[in-house]
Amino acid sequence: MRLSYHITTYGCQMNVHDSEVMAGLLEDCGYSLAAEPEQADLIVLNTCCVRETAEERILGRLGELQRAKRANPDLILVVAGCLGQEEGAAERIRRRAAQVDLIMGTHNLYRLPELVAEVRRKRRAKAAGRRQAAPAGGPLVEVLPGKGEGVHEGLPIRREGGVKAWVTIMYGCDNFCSYCIVPYVRGRERSRLPEDVRREVEGLAASGYREVMLLGQNVNSYGSDLEPGPGRSFAGLLRELDGVPGLLRIRYTTSHPRNFTDDIIEAVADSARVCENFHLPAQSGSTRVLGLMNRRYTRDDYLGLIGRIRSRVAGAGFTTDLIVGYPGETAADFEDTLSLVREARFDSAFTFAYSPRVGTPAAKLPDQIPAEVKQERLERLIEAQNGVSLEINRAEVGRTVEVLVEGTAEKAPSSVAGRSRTNKLVIAEPGEGRTVSDLLGREVKVRVERATTWSLEGRLVP
Ligand code: SAH
Ligand code: SF4
Ligand code: F3S
């Protein structure tokens, strides 16, 4: 009988893609995908620890899975991803969910099949009475954190969907923003070779994918750890990939405002396929707070960058990440963030209340902001951004946008859903004689008739 697996993914796109690799690894050694976690022989939680809320949700889920484990003692429960990699987290996991079998973190991802086999071996040994084979009360296998060295090429990937594909271009982060745990759980920056990235993207385009999303915590630094050469900078890589036949769109995330150089702006402006969507996490609108956060740019630098991009790239759209309630953030600092939202005119923003992460410098600062204040600021910020988003989207009514069709609209199954080049969700009626499947993976023109804060709706231009 074939064994089955289920993976639940938390966190960012790096994790979503890592889950595709883990699925590929498991399918290569004979596992098949289970429809529901409760039916699986192997459950992987691919975890995130960027904020406390993420961690709490995962620990809660692990608690729930104890029941599944009692119902099926052969079930293997794996904690992969960033929480597994965090110092001290293994201890918290064990306390909340003693029945986890394998804690493996991010750096040992490629070893998943081998580690699962080791769990099985130890379990058999335990069943045979050799109790010393497993540490008392802990997981059967726990991999030591490691630092995340090198780049592993050639891993199998089981991709979700057939229109857009995620492609990692670099791993890790060297920025050490003072609030952020990512550099500690993802290790130092390591770039893939441009020829390996190009080969993967060519393969994807040849098998029908139309869009690639290039992934890295800080894609502008791509290539800085490689010997200089063609394609060995982010701008160079974009120019290189722009020539891949069959591809319609190239996106990337995340780019840091600190080193979004003119070189990159020029590459985006010159490339037909690279989309005009700039996701530039500002984090705060206060130069003082930005300094405390170790972001290495000022409010004026940030607005200057947006201005430079707007003047060079027609139709540029901007999205961002913002944190409220960083330790010591005053009412005036917060007002600076509110005014940044209005001045920069972001299409949309991901907004977060600051969450202290053990091991980061900001967590040790004395003047932590009370939860109610953070919540109140968060609500005001969301309201301000929603106002701007709606205004910008309303201005699209009557215009025509180019949309890459990705599937059917969730709420209107006869309509198609896709994204504009600036990454807005667009829902459109396909019109007479055309079905969703005719249009899947094609770039179509949609005349916008209605706008909400989060999406545009309209009909296809024949
Ligand atoms: N590498 C990316 C983002 C990584 S994490 C970048 O630099 O933009 C995604 C977002 O989570 C960050 O942009 C930040 O806004 C938020 N974030 C990170 N650590 C956080 C913390 N401790 N509390 C609240 N939000 C945090
Ligand atoms: Fe975290 Fe900063 Fe690195 Fe982004 S750039 S992952 S916010 S340390
Ligand atoms: Fe979370 Fe790890 Fe991404 S901590 S945000 S899943 S890099």
# chains A, B, ... in the order shown; residues from 1 in each chain; ligands from 1
>>> residues_near_ligand(ligand="ligand 2", cutoff="7 Å", atoms="only C-alpha atoms and all ligand atoms", output="list in words")
Cys173, Asp174, Asn175, Phe176, Cys177, Cys180, Ile181, Val182, Pro183, Gln217, Asn218 and His256 of chain A
>>> closest_atom_pairs(of="chain A", to="ligand 1", cutoff="7 Å", atoms="only C-alpha atoms and all ligand atoms", output="Markdown table")
| residue | atom | partner | partner_atom_place_in_ligand_line | distance |
| --- | --- | --- | --- | --- |
| A:Val50 | CA | ligand 1 | 19 (N) | 5.2 |
| A:Arg51 | CA | ligand 1 | 23 (N) | 5.2 |
| A:Tyr179 | CA | ligand 1 | 22 (N) | 4.6 |
| A:Cys180 | CA | ligand 1 | 19 (N) | 4.1 |
| A:Ile181 | CA | ligand 1 | 19 (N) | 6.4 |
| A:Val182 | CA | ligand 1 | 4 (C) | 6.8 |
| A:Gln217 | CA | ligand 1 | 1 (N) | 3.8 |
| A:Asn218 | CA | ligand 1 | 1 (N) | 5.5 |
| A:Thr254 | CA | ligand 1 | 2 (C) | 5.3 |
| A:Ser255 | CA | ligand 1 | 8 (O) | 6.5 |
| A:His256 | CA | ligand 1 | 7 (O) | 5.8 |
| A:Leu280 | CA | ligand 1 | 8 (O) | 6.9 |
| A:Pro281 | CA | ligand 1 | 8 (O) | 4.9 |
| A:Gln283 | CA | ligand 1 | 15 (O) | 5.5 |
| A:Asp321 | CA | ligand 1 | 15 (O) | 4.5 |
| A:Leu322 | CA | ligand 1 | 15 (O) | 5.1 |
| A:Ile323 | CA | ligand 1 | 15 (O) | 5.4 |
| A:Thr351 | CA | ligand 1 | 15 (O) | 6.9 |
| A:Phe352 | CA | ligand 1 | 25 (N) | 5.1 |
| A:Ala353 | CA | ligand 1 | 24 (C) | 5.3 |
| A:Tyr354 | CA | ligand 1 | 23 (N) | 3.8 |
| A:Ser355 | CA | ligand 1 | 23 (N) | 3.8 |
| A:Pro356 | CA | ligand 1 | 22 (N) | 5.2 |
| A:Arg357 | CA | ligand 1 | 22 (N) | 5.6 |
>>> closest_atom_pairs(of="chain A", to="ligand 3", cutoff="12 Å", atoms="only C-alpha atoms and all ligand atoms", output="tab-separated table")
residue	atom	partner	partner_atom_place_in_ligand_line	distance
A:Thr9	CA	ligand 3	6 (S)	8.6
A:Tyr10	CA	ligand 3	6 (S)	6.4
A:Gly11	CA	ligand 3	6 (S)	4.0
A:Cys12	CA	ligand 3	3 (Fe)	4.1
A:Gln13	CA	ligand 3	3 (Fe)	6.8
A:Met14	CA	ligand 3	3 (Fe)	5.9
A:Asn15	CA	ligand 3	6 (S)	5.1
A:Val16	CA	ligand 3	6 (S)	8.3
A:His17	CA	ligand 3	6 (S)	10.3
A:Asp18	CA	ligand 3	6 (S)	9.5
A:Ser19	CA	ligand 3	6 (S)	10.8
A:Leu45	CA	ligand 3	6 (S)	11.3
A:Asn46	CA	ligand 3	6 (S)	8.0
A:Thr47	CA	ligand 3	6 (S)	6.2
A:Cys48	CA	ligand 3	1 (Fe)	3.7
A:Cys49	CA	ligand 3	4 (S)	4.3
A:Val50	CA	ligand 3	4 (S)	4.1
A:Arg51	CA	ligand 3	4 (S)	7.7
A:Glu52	CA	ligand 3	4 (S)	10.2
A:Thr53	CA	ligand 3	1 (Fe)	11.0
A:Ala54	CA	ligand 3	1 (Fe)	8.0
A:Glu55	CA	ligand 3	4 (S)	9.2
A:Ile58	CA	ligand 3	1 (Fe)	11.6
A:Ala80	CA	ligand 3	6 (S)	10.2
A:Gly81	CA	ligand 3	2 (Fe)	6.7
A:Cys82	CA	ligand 3	2 (Fe)	4.6
A:Leu83	CA	ligand 3	4 (S)	6.9
A:Gly84	CA	ligand 3	2 (Fe)	9.9
A:Gln85	CA	ligand 3	2 (Fe)	9.1
A:Glu86	CA	ligand 3	4 (S)	8.9
A:Gly105	CA	ligand 3	2 (Fe)	9.8
A:Thr106	CA	ligand 3	2 (Fe)	8.4
A:His107	CA	ligand 3	2 (Fe)	11.4
A:Tyr171	CA	ligand 3	7 (S)	9.5
A:Gly172	CA	ligand 3	7 (S)	8.2
A:Cys173	CA	ligand 3	7 (S)	9.2
A:Tyr179	CA	ligand 3	4 (S)	12.0
A:Cys180	CA	ligand 3	4 (S)	8.6
A:Ile181	CA	ligand 3	4 (S)	6.7
A:Val182	CA	ligand 3	7 (S)	5.3
A:Pro183	CA	ligand 3	7 (S)	8.3
A:Tyr184	CA	ligand 3	4 (S)	9.2
A:Val185	CA	ligand 3	2 (Fe)	6.9
A:Arg186	CA	ligand 3	7 (S)	6.4
A:Gly187	CA	ligand 3	7 (S)	10.0
A:Leu215	CA	ligand 3	7 (S)	10.9
A:Gly216	CA	ligand 3	7 (S)	9.2
A:Gln217	CA	ligand 3	7 (S)	7.3
A:Asn218	CA	ligand 3	7 (S)	11.0
A:Thr253	CA	ligand 3	3 (Fe)	11.7
A:Thr254	CA	ligand 3	3 (Fe)	11.0
A:Asp321	CA	ligand 3	5 (S)	12.0
A:Arg357	CA	ligand 3	4 (S)	10.4
>>> select_by_dssp(residues="region 130-281 of chain A", states="helix (DSSP H, G or I)", output="count of residues only")
44
>>> residues_around(residues="region 366-382 of chain A", least_positions_apart="4", cutoff="10 Å", atoms="only C-alpha atoms", output="number ranges by chain")
A: 322-331, 334-335, 337-339, 341, 348-356, 362, 386-388
>>> residues_around(residues="Asn294 (chain A)", least_positions_apart="3", cutoff="7 Å", atoms="only C-alpha atoms", output="number ranges by chain")
A: 177-178, 290-291
>>> write_last_selection(atoms="all heavy atoms", output="compact mmCIF listing (two decimals), in the first residue's frame")
# COMPACT_ATOMS: atom_id res chain seq x y z
N CYS A 177 17.53 43.28 10.38
CA CYS A 177 16.66 44.33 10.90
C CYS A 177 16.42 43.97 12.36
O CYS A 177 16.27 42.78 12.69
CB CYS A 177 15.35 44.37 10.12
SG CYS A 177 15.64 44.62 8.35
N SER A 178 16.39 44.96 13.24
CA SER A 178 16.52 44.65 14.66
C SER A 178 15.32 43.89 15.25
O SER A 178 15.41 43.32 16.32
CB SER A 178 16.78 45.91 15.46
OG SER A 178 15.78 46.84 15.14
N LEU A 290 13.10 54.10 11.77
CA LEU A 290 13.83 53.34 10.75
C LEU A 290 15.28 53.12 11.20
O LEU A 290 15.85 52.05 10.99
CB LEU A 290 13.80 54.06 9.40
CG LEU A 290 12.45 54.03 8.70
CD1 LEU A 290 12.44 54.97 7.49
CD2 LEU A 290 12.11 52.60 8.23
N GLY A 291 15.85 54.14 11.84
CA GLY A 291 17.22 54.02 12.36
C GLY A 291 17.28 52.94 13.43
O GLY A 291 18.14 52.06 13.40
>>> residues_around(residues="region 431-441 of chain A", least_positions_apart="2", cutoff="9 Å", atoms="only C-alpha atoms", output="PDB file with N, CA, C and O atoms, in the first residue's frame")
ATOM      1  N   GLY A 162      -0.659  25.595 -12.631  1.00  0.00           N
ATOM      2  CA  GLY A 162       0.093  25.441 -13.863  1.00  0.00           C
ATOM      3  C   GLY A 162       0.376  26.749 -14.596  1.00  0.00           C
ATOM      4  O   GLY A 162       0.879  26.740 -15.717  1.00  0.00           O
ATOM      5  N   VAL A 163       0.046  27.881 -13.968  1.00  0.00           N
ATOM      6  CA  VAL A 163       0.248  29.167 -14.651  1.00  0.00           C
ATOM      7  C   VAL A 163       1.434  29.935 -14.056  1.00  0.00           C
ATOM      8  O   VAL A 163       2.288  30.438 -14.761  1.00  0.00           O
ATOM      9  N   LYS A 164       1.456  29.976 -12.710  1.00  0.00           N
ATOM     10  CA  LYS A 164       2.520  30.718 -12.027  1.00  0.00           C
ATOM     11  C   LYS A 164       3.424  29.754 -11.287  1.00  0.00           C
ATOM     12  O   LYS A 164       2.938  28.800 -10.675  1.00  0.00           O
ATOM     13  N   GLY A 208       4.721  25.094 -19.963  1.00  0.00           N
ATOM     14  CA  GLY A 208       3.436  25.801 -19.967  1.00  0.00           C
ATOM     15  C   GLY A 208       3.263  26.888 -18.931  1.00  0.00           C
ATOM     16  O   GLY A 208       2.260  27.601 -18.947  1.00  0.00           O
ATOM     17  N   TYR A 209       4.192  27.018 -17.997  1.00  0.00           N
ATOM     18  CA  TYR A 209       4.050  28.107 -17.017  1.00  0.00           C
ATOM     19  C   TYR A 209       4.248  29.434 -17.734  1.00  0.00           C
ATOM     20  O   TYR A 209       5.064  29.549 -18.646  1.00  0.00           O
ATOM     21  N   ARG A 210       3.489  30.447 -17.316  1.00  0.00           N
ATOM     22  CA  ARG A 210       3.530  31.745 -17.985  1.00  0.00           C
ATOM     23  C   ARG A 210       4.113  32.854 -17.109  1.00  0.00           C
ATOM     24  O   ARG A 210       4.430  33.925 -17.595  1.00  0.00           O
ATOM     25  N   GLU A 211       4.177  32.580 -15.815  1.00  0.00           N
ATOM     26  CA  GLU A 211       4.712  33.605 -14.908  1.00  0.00           C
ATOM     27  C   GLU A 211       5.656  32.961 -13.908  1.00  0.00           C
ATOM     28  O   GLU A 211       5.351  31.884 -13.400  1.00  0.00           O
ATOM     29  N   LEU A 404      -3.347  38.317 -16.518  1.00  0.00           N
ATOM     30  CA  LEU A 404      -2.965  36.927 -16.785  1.00  0.00           C
ATOM     31  C   LEU A 404      -3.978  36.043 -16.064  1.00  0.00           C
ATOM     32  O   LEU A 404      -4.086  36.087 -14.833  1.00  0.00           O
ATOM     33  N   VAL A 405      -4.729  35.251 -16.828  1.00  0.00           N
ATOM     34  CA  VAL A 405      -5.812  34.459 -16.235  1.00  0.00           C
ATOM     35  C   VAL A 405      -5.234  33.251 -15.495  1.00  0.00           C
ATOM     36  O   VAL A 405      -4.474  32.465 -16.045  1.00  0.00           O
ATOM     37  N   GLU A 406      -5.586  33.169 -14.196  1.00  0.00           N
ATOM     38  CA  GLU A 406      -5.054  32.083 -13.360  1.00  0.00           C
ATOM     39  C   GLU A 406      -6.091  31.036 -13.020  1.00  0.00           C
ATOM     40  O   GLU A 406      -5.761  29.937 -12.593  1.00  0.00           O
ATOM     41  N   GLY A 407      -7.387  31.372 -13.146  1.00  0.00           N
ATOM     42  CA  GLY A 407      -8.411  30.387 -12.787  1.00  0.00           C
ATOM     43  C   GLY A 407      -9.773  31.031 -12.716  1.00  0.00           C
ATOM     44  O   GLY A 407      -9.989  32.111 -13.282  1.00  0.00           O
ATOM     45  N   THR A 408     -10.676  30.362 -11.999  1.00  0.00           N
ATOM     46  CA  THR A 408     -12.018  30.922 -11.850  1.00  0.00           C
ATOM     47  C   THR A 408     -12.074  31.768 -10.586  1.00  0.00           C
ATOM     48  O   THR A 408     -11.311  31.557  -9.653  1.00  0.00           O
ATOM     49  N   PRO A 413     -18.081  31.469 -10.131  1.00  0.00           N
ATOM     50  CA  PRO A 413     -17.386  30.395 -10.857  1.00  0.00           C
ATOM     51  C   PRO A 413     -17.411  30.527 -12.380  1.00  0.00           C
ATOM     52  O   PRO A 413     -16.587  29.917 -13.052  1.00  0.00           O
ATOM     53  N   SER A 414     -18.338  31.356 -12.928  1.00  0.00           N
ATOM     54  CA  SER A 414     -18.318  31.499 -14.381  1.00  0.00           C
ATOM     55  C   SER A 414     -17.392  32.633 -14.816  1.00  0.00           C
ATOM     56  O   SER A 414     -17.184  32.869 -15.999  1.00  0.00           O
ATOM     57  N   SER A 415     -16.817  33.357 -13.854  1.00  0.00           N
ATOM     58  CA  SER A 415     -15.896  34.444 -14.185  1.00  0.00           C
ATOM     59  C   SER A 415     -14.448  33.992 -14.035  1.00  0.00           C
ATOM     60  O   SER A 415     -14.155  33.061 -13.287  1.00  0.00           O
ATOM     61  N   VAL A 416     -13.569  34.682 -14.750  1.00  0.00           N
ATOM     62  CA  VAL A 416     -12.148  34.360 -14.617  1.00  0.00           C
ATOM     63  C   VAL A 416     -11.511  35.292 -13.590  1.00  0.00           C
ATOM     64  O   VAL A 416     -11.968  36.419 -13.387  1.00  0.00           O
ATOM     65  N   ALA A 417     -10.446  34.788 -12.956  1.00  0.00           N
ATOM     66  CA  ALA A 417      -9.700  35.608 -12.010  1.00  0.00           C
ATOM     67  C   ALA A 417      -8.239  35.608 -12.414  1.00  0.00           C
ATOM     68  O   ALA A 417      -7.726  34.612 -12.918  1.00  0.00           O
ATOM     69  N   ALA A 428     -13.285  38.937 -14.076  1.00  0.00           N
ATOM     70  CA  ALA A 428     -13.946  39.379 -15.310  1.00  0.00           C
ATOM     71  C   ALA A 428     -14.844  38.298 -15.887  1.00  0.00           C
ATOM     72  O   ALA A 428     -14.538  37.108 -15.791  1.00  0.00           O
ATOM     73  N   GLU A 429     -15.938  38.754 -16.486  1.00  0.00           N
ATOM     74  CA  GLU A 429     -16.806  37.804 -17.195  1.00  0.00           C
ATOM     75  C   GLU A 429     -16.131  37.485 -18.520  1.00  0.00           C
ATOM     76  O   GLU A 429     -15.679  38.383 -19.220  1.00  0.00           O
ATOM     77  N   GLU A 443      -2.867  36.028 -21.432  1.00  0.00           N
ATOM     78  CA  GLU A 443      -2.955  37.414 -21.000  1.00  0.00           C
ATOM     79  C   GLU A 443      -4.092  38.051 -21.787  1.00  0.00           C
ATOM     80  O   GLU A 443      -4.108  37.984 -23.024  1.00  0.00           O
ATOM     81  N   VAL A 444      -5.066  38.601 -21.069  1.00  0.00           N
ATOM     82  CA  VAL A 444      -6.229  39.178 -21.737  1.00  0.00           C
ATOM     83  C   VAL A 444      -6.393  40.631 -21.296  1.00  0.00           C
ATOM     84  O   VAL A 444      -5.804  41.058 -20.306  1.00  0.00           O
ATOM     85  N   ARG A 459     -15.179  43.398 -17.664  1.00  0.00           N
ATOM     86  CA  ARG A 459     -15.411  42.374 -18.681  1.00  0.00           C
ATOM     87  C   ARG A 459     -14.285  42.374 -19.700  1.00  0.00           C
ATOM     88  O   ARG A 459     -13.600  43.376 -19.893  1.00  0.00           O
ATOM     89  N   LEU A 460     -14.120  41.209 -20.328  1.00  0.00           N
ATOM     90  CA  LEU A 460     -13.046  41.059 -21.294  1.00  0.00           C
ATOM     91  C   LEU A 460     -13.273  41.946 -22.507  1.00  0.00           C
ATOM     92  O   LEU A 460     -14.398  42.054 -22.997  1.00  0.00           O
ATOM     93  N   VAL A 461     -12.200  42.548 -22.975  1.00  0.00           N
ATOM     94  CA  VAL A 461     -12.295  43.319 -24.215  1.00  0.00           C
ATOM     95  C   VAL A 461     -12.145  42.306 -25.352  1.00  0.00           C
ATOM     96  O   VAL A 461     -11.175  41.560 -25.388  1.00  0.00           O
ATOM     97  N   PRO A 462     -13.146  42.252 -26.258  1.00  0.00           N
ATOM     98  CA  PRO A 462     -13.080  41.198 -27.286  1.00  0.00           C
ATOM     99  C   PRO A 462     -11.868  41.401 -28.221  1.00  0.00           C
ATOM    100  O   PRO A 462     -11.389  42.501 -28.384  1.00  0.00           O
TER     101      PRO A 462
END
>>> select_by_dssp(residues="region 68-117 of chain A", states="strand (DSSP E)", output="JSON, numbers by chain")
{"A": [76, 77, 78, 79, 80, 81, 102, 103, 104, 105]}
>>> closest_residue(among="A:Ala89, A:Cys275, A:Ile103, A:Ala282", to="Gly359 (chain A)", atoms="only C-alpha atoms")
A:Ala89
>>> residues_around(residues="Glu240 (chain A)", least_positions_apart="3", cutoff="9 Å", atoms="only C-alpha atoms", output="ChimeraX atom specification")
/A:194,198,230-231,235-237,243-244
>>> write_last_selection(atoms="C-alpha atoms", output="short mmCIF file (atom, residue, chain, number, x, y, z; two decimals), in the first residue's frame")
data_model
loop_
_atom_site.label_atom_id
_atom_site.label_comp_id
_atom_site.auth_asym_id
_atom_site.auth_seq_id
_atom_site.Cartn_x
_atom_site.Cartn_y
_atom_site.Cartn_z
CA PRO A 194 22.24 32.38 -12.87
CA ARG A 198 17.76 30.23 -16.18
CA PRO A 230 27.11 38.02 -16.47
CA GLY A 231 23.73 37.61 -14.78
CA ALA A 235 19.60 43.59 -12.53
CA GLY A 236 21.70 41.23 -14.64
CA LEU A 237 19.52 38.25 -13.77
CA GLY A 243 14.81 36.62 -22.88
CA VAL A 244 13.31 33.25 -21.93
#
>>> atom_distance(atom1="CA of Met213 (chain A)", atom2="CA of Thr168 (chain A)")
8.3 Å
>>> decode(residues="region 345-368 of chain A", atoms="N, CA, C and O atoms", output="PDB file, in the first residue's frame")
ATOM      1  N   ARG A 345       1.308  56.657  -1.525  1.00  0.00           N
ATOM      2  CA  ARG A 345       0.138  56.136  -2.242  1.00  0.00           C
ATOM      3  C   ARG A 345       0.345  54.684  -2.674  1.00  0.00           C
ATOM      4  O   ARG A 345       0.404  54.351  -3.860  1.00  0.00           O
ATOM      5  N   PHE A 346       0.423  53.815  -1.672  1.00  0.00           N
ATOM      6  CA  PHE A 346       0.574  52.382  -1.928  1.00  0.00           C
ATOM      7  C   PHE A 346      -0.732  51.808  -2.469  1.00  0.00           C
ATOM      8  O   PHE A 346      -1.806  52.182  -2.014  1.00  0.00           O
ATOM      9  N   ASP A 347      -0.617  50.878  -3.398  1.00  0.00           N
ATOM     10  CA  ASP A 347      -1.807  50.161  -3.863  1.00  0.00           C
ATOM     11  C   ASP A 347      -2.396  49.341  -2.726  1.00  0.00           C
ATOM     12  O   ASP A 347      -3.608  49.227  -2.595  1.00  0.00           O
ATOM     13  N   SER A 348      -1.504  48.723  -1.946  1.00  0.00           N
ATOM     14  CA  SER A 348      -1.953  47.985  -0.772  1.00  0.00           C
ATOM     15  C   SER A 348      -0.765  47.798   0.154  1.00  0.00           C
ATOM     16  O   SER A 348       0.380  48.030  -0.240  1.00  0.00           O
ATOM     17  N   ALA A 349      -1.078  47.387   1.389  1.00  0.00           N
ATOM     18  CA  ALA A 349       0.004  47.208   2.362  1.00  0.00           C
ATOM     19  C   ALA A 349      -0.308  46.036   3.275  1.00  0.00           C
ATOM     20  O   ALA A 349      -1.461  45.806   3.626  1.00  0.00           O
ATOM     21  N   PHE A 350       0.722  45.297   3.649  1.00  0.00           N
ATOM     22  CA  PHE A 350       0.602  44.311   4.720  1.00  0.00           C
ATOM     23  C   PHE A 350       0.984  45.041   5.997  1.00  0.00           C
ATOM     24  O   PHE A 350       2.059  45.640   6.069  1.00  0.00           O
ATOM     25  N   THR A 351       0.082  45.024   6.973  1.00  0.00           N
ATOM     26  CA  THR A 351       0.318  45.797   8.191  1.00  0.00           C
ATOM     27  C   THR A 351       0.408  44.850   9.389  1.00  0.00           C
ATOM     28  O   THR A 351      -0.375  43.906   9.509  1.00  0.00           O
ATOM     29  N   PHE A 352       1.370  45.103  10.246  1.00  0.00           N
ATOM     30  CA  PHE A 352       1.603  44.208  11.379  1.00  0.00           C
ATOM     31  C   PHE A 352       1.803  44.995  12.661  1.00  0.00           C
ATOM     32  O   PHE A 352       2.378  46.080  12.642  1.00  0.00           O
ATOM     33  N   ALA A 353       1.340  44.394  13.773  1.00  0.00           N
ATOM     34  CA  ALA A 353       1.693  44.937  15.084  1.00  0.00           C
ATOM     35  C   ALA A 353       3.033  44.309  15.454  1.00  0.00           C
ATOM     36  O   ALA A 353       3.227  43.101  15.273  1.00  0.00           O
ATOM     37  N   TYR A 354       3.945  45.103  15.957  1.00  0.00           N
ATOM     38  CA  TYR A 354       5.265  44.581  16.318  1.00  0.00           C
ATOM     39  C   TYR A 354       5.122  43.432  17.316  1.00  0.00           C
ATOM     40  O   TYR A 354       4.367  43.508  18.277  1.00  0.00           O
ATOM     41  N   SER A 355       5.864  42.374  17.081  1.00  0.00           N
ATOM     42  CA  SER A 355       5.829  41.204  17.944  1.00  0.00           C
ATOM     43  C   SER A 355       7.266  40.870  18.369  1.00  0.00           C
ATOM     44  O   SER A 355       8.117  40.627  17.520  1.00  0.00           O
ATOM     45  N   PRO A 356       7.546  40.941  19.671  1.00  0.00           N
ATOM     46  CA  PRO A 356       8.927  40.691  20.099  1.00  0.00           C
ATOM     47  C   PRO A 356       9.352  39.247  19.832  1.00  0.00           C
ATOM     48  O   PRO A 356       8.603  38.319  20.128  1.00  0.00           O
ATOM     49  N   ARG A 357      10.522  39.059  19.254  1.00  0.00           N
ATOM     50  CA  ARG A 357      11.039  37.723  18.959  1.00  0.00           C
ATOM     51  C   ARG A 357      12.316  37.499  19.754  1.00  0.00           C
ATOM     52  O   ARG A 357      13.282  38.253  19.611  1.00  0.00           O
ATOM     53  N   VAL A 358      12.319  36.461  20.563  1.00  0.00           N
ATOM     54  CA  VAL A 358      13.476  36.178  21.420  1.00  0.00           C
ATOM     55  C   VAL A 358      14.727  36.038  20.554  1.00  0.00           C
ATOM     56  O   VAL A 358      14.697  35.382  19.515  1.00  0.00           O
ATOM     57  N   GLY A 359      15.803  36.690  20.997  1.00  0.00           N
ATOM     58  CA  GLY A 359      17.058  36.581  20.255  1.00  0.00           C
ATOM     59  C   GLY A 359      17.311  37.755  19.332  1.00  0.00           C
ATOM     60  O   GLY A 359      18.416  37.932  18.836  1.00  0.00           O
ATOM     61  N   THR A 360      16.274  38.586  19.086  1.00  0.00           N
ATOM     62  CA  THR A 360      16.479  39.769  18.244  1.00  0.00           C
ATOM     63  C   THR A 360      16.748  40.975  19.164  1.00  0.00           C
ATOM     64  O   THR A 360      16.234  41.017  20.284  1.00  0.00           O
ATOM     65  N   PRO A 361      17.534  41.948  18.698  1.00  0.00           N
ATOM     66  CA  PRO A 361      17.862  43.095  19.564  1.00  0.00           C
ATOM     67  C   PRO A 361      16.624  43.857  20.045  1.00  0.00           C
ATOM     68  O   PRO A 361      16.581  44.286  21.198  1.00  0.00           O
ATOM     69  N   ALA A 362      15.596  44.005  19.203  1.00  0.00           N
ATOM     70  CA  ALA A 362      14.444  44.834  19.593  1.00  0.00           C
ATOM     71  C   ALA A 362      13.675  44.239  20.768  1.00  0.00           C
ATOM     72  O   ALA A 362      13.050  44.970  21.543  1.00  0.00           O
ATOM     73  N   ALA A 363      13.716  42.919  20.894  1.00  0.00           N
ATOM     74  CA  ALA A 363      12.948  42.272  21.965  1.00  0.00           C
ATOM     75  C   ALA A 363      13.480  42.667  23.336  1.00  0.00           C
ATOM     76  O   ALA A 363      12.763  42.599  24.328  1.00  0.00           O
ATOM     77  N   LYS A 364      14.752  43.087  23.379  1.00  0.00           N
ATOM     78  CA  LYS A 364      15.374  43.428  24.672  1.00  0.00           C
ATOM     79  C   LYS A 364      15.185  44.897  25.030  1.00  0.00           C
ATOM     80  O   LYS A 364      15.559  45.323  26.110  1.00  0.00           O
ATOM     81  N   LEU A 365      14.612  45.693  24.123  1.00  0.00           N
ATOM     82  CA  LEU A 365      14.483  47.133  24.398  1.00  0.00           C
ATOM     83  C   LEU A 365      13.475  47.363  25.520  1.00  0.00           C
ATOM     84  O   LEU A 365      12.487  46.649  25.650  1.00  0.00           O
ATOM     85  N   PRO A 366      13.747  48.403  26.348  1.00  0.00           N
ATOM     86  CA  PRO A 366      12.893  48.612  27.525  1.00  0.00           C
ATOM     87  C   PRO A 366      11.483  49.109  27.189  1.00  0.00           C
ATOM     88  O   PRO A 366      10.525  48.637  27.762  1.00  0.00           O
ATOM     89  N   ASP A 367      11.352  50.069  26.257  1.00  0.00           N
ATOM     90  CA  ASP A 367      10.045  50.714  26.093  1.00  0.00           C
ATOM     91  C   ASP A 367       9.135  50.008  25.093  1.00  0.00           C
ATOM     92  O   ASP A 367       8.785  50.549  24.049  1.00  0.00           O
ATOM     93  N   GLN A 368       8.749  48.776  25.432  1.00  0.00           N
ATOM     94  CA  GLN A 368       7.800  48.024  24.602  1.00  0.00           C
ATOM     95  C   GLN A 368       6.444  48.739  24.668  1.00  0.00           C
ATOM     96  O   GLN A 368       6.068  49.293  25.698  1.00  0.00           O
TER      97      GLN A 368
END
